[in-house]
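Here is coords_27.cif, consisting of mmCIF, C-alpha atoms and all ligand atoms:
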data_input
#
loop_
_atom_site.label_atom_id
_atom_site.label_comp_id
_atom_site.auth_asym_id
_atom_site.auth_seq_id
_atom_site.Cartn_x
_atom_site.Cartn_y
_atom_site.Cartn_z
CA MET A 1212 -55.78 -60.63 -79.77
CA LYS A 1213 -55.85 -57.29 -81.56
CA ASP A 1214 -52.57 -55.89 -82.86
CA SER A 1215 -52.56 -52.98 -80.37
CA THR A 1216 -53.32 -55.32 -77.44
CA ARG A 1217 -50.56 -57.68 -78.55
CA ARG A 1218 -48.12 -54.75 -78.84
CA ILE A 1219 -48.96 -53.58 -75.30
CA PHE A 1220 -48.57 -57.13 -73.98
CA ILE A 1221 -45.14 -57.48 -75.61
CA ILE A 1222 -43.96 -54.09 -74.28
CA ARG A 1223 -45.12 -54.93 -70.73
CA ALA A 1224 -43.53 -58.38 -70.86
CA ALA A 1225 -40.23 -56.86 -71.99
CA ALA A 1226 -40.40 -54.21 -69.27
CA GLY A 1227 -41.16 -56.82 -66.62
CA GLY A 1228 -38.30 -59.00 -67.80
CA SER A 1229 -35.93 -56.04 -67.66
CA ALA A 1230 -37.06 -55.23 -64.13
CA ILE A 1231 -36.47 -58.81 -63.00
CA LEU A 1232 -33.09 -58.85 -64.72
CA GLY A 1233 -32.23 -55.52 -63.09
CA LEU A 1234 -33.14 -56.81 -59.63
CA SER A 1235 -31.07 -59.96 -60.06
CA GLU A 1236 -28.09 -57.87 -61.19
CA LEU A 1237 -28.55 -55.63 -58.16
CA ALA A 1238 -28.61 -58.67 -55.87
CA ARG A 1239 -25.40 -59.93 -57.44
CA ALA A 1240 -23.74 -56.53 -57.23
CA ALA A 1241 -24.45 -55.92 -53.55
CA PRO A 1242 -24.36 -59.03 -51.39
CA PRO A 1243 -25.66 -58.47 -47.87
CA ARG A 1244 -23.22 -57.55 -45.13
CA VAL A 1245 -23.10 -59.52 -41.93
CA GLU A 1246 -24.29 -57.81 -38.76
CA GLU A 1247 -22.37 -58.31 -35.52
CA SER A 1248 -25.71 -59.34 -34.02
CA ASP A 1249 -26.16 -62.23 -36.50
CA GLU A 1250 -26.26 -65.65 -34.89
CA THR A 1251 -23.10 -66.89 -36.64
CA ALA A 1252 -21.27 -63.65 -35.86
CA GLN A 1253 -22.20 -63.94 -32.19
CA ALA A 1254 -21.12 -67.58 -32.05
CA LEU A 1255 -17.73 -66.73 -33.59
CA GLY A 1256 -17.18 -63.48 -31.68
CA TYR A 1257 -17.07 -61.57 -34.98
CA LYS A 1258 -16.43 -57.81 -34.90
CA HIS A 1259 -16.23 -55.45 -37.87
CA ASP A 1260 -13.11 -53.94 -36.27
CA THR A 1261 -10.38 -56.21 -34.88
CA ASN A 1262 -9.52 -53.49 -32.34
CA LYS A 1263 -12.93 -53.92 -30.70
CA VAL A 1264 -12.53 -57.63 -29.92
CA ASP A 1265 -12.87 -58.57 -26.25
CA ASN A 1266 -9.36 -59.87 -25.47
CA LYS A 1267 -10.49 -61.28 -22.12
CA ARG A 1268 -13.01 -63.49 -23.92
CA TYR A 1269 -10.58 -64.27 -26.76
CA PRO A 1270 -7.08 -64.26 -25.23
CA LYS A 1271 -5.45 -65.63 -28.42
CA HIS A 1272 -6.65 -62.59 -30.38
CA SER A 1273 -4.09 -60.04 -31.53
CA PRO A 1274 -4.91 -56.68 -33.17
CA THR A 1275 -2.63 -57.67 -36.06
CA GLN A 1276 -5.09 -60.46 -36.91
CA ARG A 1277 -7.76 -59.24 -39.31
CA CYS A 1278 -9.99 -60.75 -41.95
CA THR A 1279 -7.75 -59.61 -44.81
CA ASN A 1280 -4.86 -61.73 -43.48
CA CYS A 1281 -7.00 -64.75 -42.59
CA SER A 1282 -6.93 -67.90 -44.71
CA PHE A 1283 -10.76 -67.81 -45.00
CA TRP A 1284 -10.84 -64.29 -46.54
CA GLN A 1285 -12.22 -64.20 -50.09
CA GLY A 1286 -11.07 -60.85 -51.37
CA SER A 1287 -7.98 -58.79 -51.98
CA ALA A 1288 -5.82 -57.40 -49.16
CA THR A 1289 -7.22 -53.91 -49.75
CA ASP A 1290 -10.94 -54.73 -50.01
CA GLU A 1291 -13.12 -53.10 -47.32
CA TRP A 1292 -15.67 -55.92 -47.56
CA GLY A 1293 -15.33 -59.47 -48.86
CA GLY A 1294 -16.47 -63.02 -48.53
CA CYS A 1295 -15.62 -65.60 -45.89
CA ALA A 1296 -16.25 -69.34 -45.83
CA MET A 1297 -17.78 -68.98 -42.35
CA PHE A 1298 -20.51 -66.56 -43.41
CA GLY A 1299 -21.90 -67.98 -46.65
CA ARG A 1300 -23.16 -65.26 -48.99
CA LYS A 1301 -22.84 -62.43 -46.48
CA GLN A 1302 -19.88 -60.09 -46.68
CA ILE A 1303 -17.60 -59.31 -43.78
CA ALA A 1304 -15.38 -56.33 -43.07
CA GLY A 1305 -11.73 -56.48 -44.12
CA PRO A 1306 -10.58 -55.00 -40.78
CA GLY A 1307 -12.80 -57.49 -38.93
CA TRP A 1308 -11.99 -60.58 -36.91
CA CYS A 1309 -13.59 -63.72 -35.53
CA ASN A 1310 -12.51 -66.65 -33.39
CA ALA A 1311 -11.98 -68.84 -36.49
CA TRP A 1312 -9.11 -66.63 -37.66
CA ALA A 1313 -6.26 -68.66 -39.17
CA ALA A 1314 -3.09 -67.18 -40.63
CA LYS A 1315 -3.03 -67.02 -44.39
CA SER A 1316 -0.18 -69.15 -45.70
CA ALA A 1317 2.56 -67.16 -47.40
FE1 LIG A 1401 -12.60 -62.93 -40.80
FE2 LIG A 1401 -11.24 -65.21 -40.94
FE3 LIG A 1401 -13.23 -64.95 -39.20
FE4 LIG A 1401 -13.75 -65.09 -41.79
S1 LIG A 1401 -12.83 -66.72 -40.52
S2 LIG A 1401 -14.66 -63.65 -40.32
S3 LIG A 1401 -12.01 -64.01 -42.66
S4 LIG A 1401 -11.30 -63.80 -39.20
#
Take the structure in this file and express it as structure tokens.
Amino acid sequence: MKDSTRRIFIIRAAAGGSAILGLSELARAAPPRVEESDETAQALGYKHDTNKVDNKRYPKHSPTQRCTNCSFWQGSATDEWGGCAMFGRKQIAGPGWCNAWAAKSA
């Protein structure tokens, strides 16, 4: 391999590695958000907004129940989006709710 060819190969390899690293950082930085139409969300009656829950279908629901005060919430009390054990890698809305809601212990 000629010196100039080798130099080009090394530059392209470095650029490709950086692009892959950049994509993996992007994936880590922005986990996908759950859609209300997702299968798990439908099964659990999940809504992004606790005020939009069908109280006839879920009579135990109260508007004071929201993801941020649920024991499964994986975020701070002020986060708009966070993790939940029910939804794997997908993020859920802090003001949301689903039928698995359980009061966070004090
Ligand atoms: Fe929100 Fe709790 Fe349901 Fe997770 S389990 S979606 S934190 S209400």
### Query
Got a sec: who's within 6 Å of stretch 1263-1277 of chain A, counting all atoms listed in the file, leaving out chain neighbours fewer than 3 positions off, as a PyMOL selection string?
chain A and resi 1260+1280+1306-1308
Please build the interface table for chain A against ligand LIG 1401 (chain A) with a cut-off of 6 Å, listing for each qualifying residue the nearest atom pair and the distance in Å to one decimal; count all atoms listed in the file, order rows by chain and increasing number, and write it as JSON lines.
{"residue": "A:Arg1277", "atom": "CA", "partner": "A:LIG1401", "partner_atom": "S4", "distance": 5.8}
{"residue": "A:Cys1278", "atom": "CA", "partner": "A:LIG1401", "partner_atom": "FE1", "distance": 3.6}
{"residue": "A:Cys1281", "atom": "CA", "partner": "A:LIG1401", "partner_atom": "FE2", "distance": 4.6}
{"residue": "A:Phe1283", "atom": "CA", "partner": "A:LIG1401", "partner_atom": "S3", "distance": 4.6}
{"residue": "A:Trp1284", "atom": "CA", "partner": "A:LIG1401", "partner_atom": "S3", "distance": 4.1}
{"residue": "A:Cys1295", "atom": "CA", "partner": "A:LIG1401", "partner_atom": "FE4", "distance": 4.5}
{"residue": "A:Met1297", "atom": "CA", "partner": "A:LIG1401", "partner_atom": "FE4", "distance": 5.6}
{"residue": "A:Gly1307", "atom": "CA", "partner": "A:LIG1401", "partner_atom": "FE1", "distance": 5.8}
{"residue": "A:Trp1308", "atom": "CA", "partner": "A:LIG1401", "partner_atom": "S4", "distance": 4.0}
{"residue": "A:Cys1309", "atom": "CA", "partner": "A:LIG1401", "partner_atom": "FE3", "distance": 3.9}
{"residue": "A:Ala1311", "atom": "CA", "partner": "A:LIG1401", "partner_atom": "S1", "distance": 4.6}
{"residue": "A:Trp1312", "atom": "CA", "partner": "A:LIG1401", "partner_atom": "S4", "distance": 3.9}
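You can rank A:Pro1242, A:Glu1247, A:Asn1310, A:Lys1315 by their closest distance to A:Gly1294 using all atoms listed in the file, and at the top of that list sits A:Pro1242.
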### Message
One number please: atom CA of A:Ala1288 to atom CA of A:Asn1262, in Å, one decimal.
### Response
17.7 Å
### Message
Just the number, please: distance in Å from atom CA of A:Glu1250 to atom CA of A:Ser1316, one decimal.
### Response
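Between atom CA of A:Glu1250 and atom CA of A:Ser1316 the gap works out to 28.4 Å.
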### Message
What's the separation between atom CA of A:Ala1254 and atom CA of A:Thr1279, in Å to one decimal place?
### Response
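So the two atoms, atom CA of A:Ala1254 and atom CA of A:Thr1279, lie 20.1 Å apart.
Restricting the calculation to all atoms listed in the file, the smallest distance between A:Lys1301 and any of A:Thr1261, A:Glu1246, A:Ala1313, A:Gly1256 is found for A:Glu1246.
Comparing the minimum interatomic distances between A:Ala1314 and each of A:Ser1282, A:Thr1251, A:Thr1289, A:Gln1302, counting all atoms listed in the file, we find that A:Ser1282 sits nearest.
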Grab all the atoms of stretch 1274-1278 of chain A that the file lists, wrap them in a box along x, y and z, add 4 Å per side, and give me centre plus edge lengths in Å (one decimal) as AutoDock Vina command-line options.
--center_x -6.3 --center_y -58.7 --center_z -37.6 --size_x 15.4 --size_y 12.1 --size_z 16.8
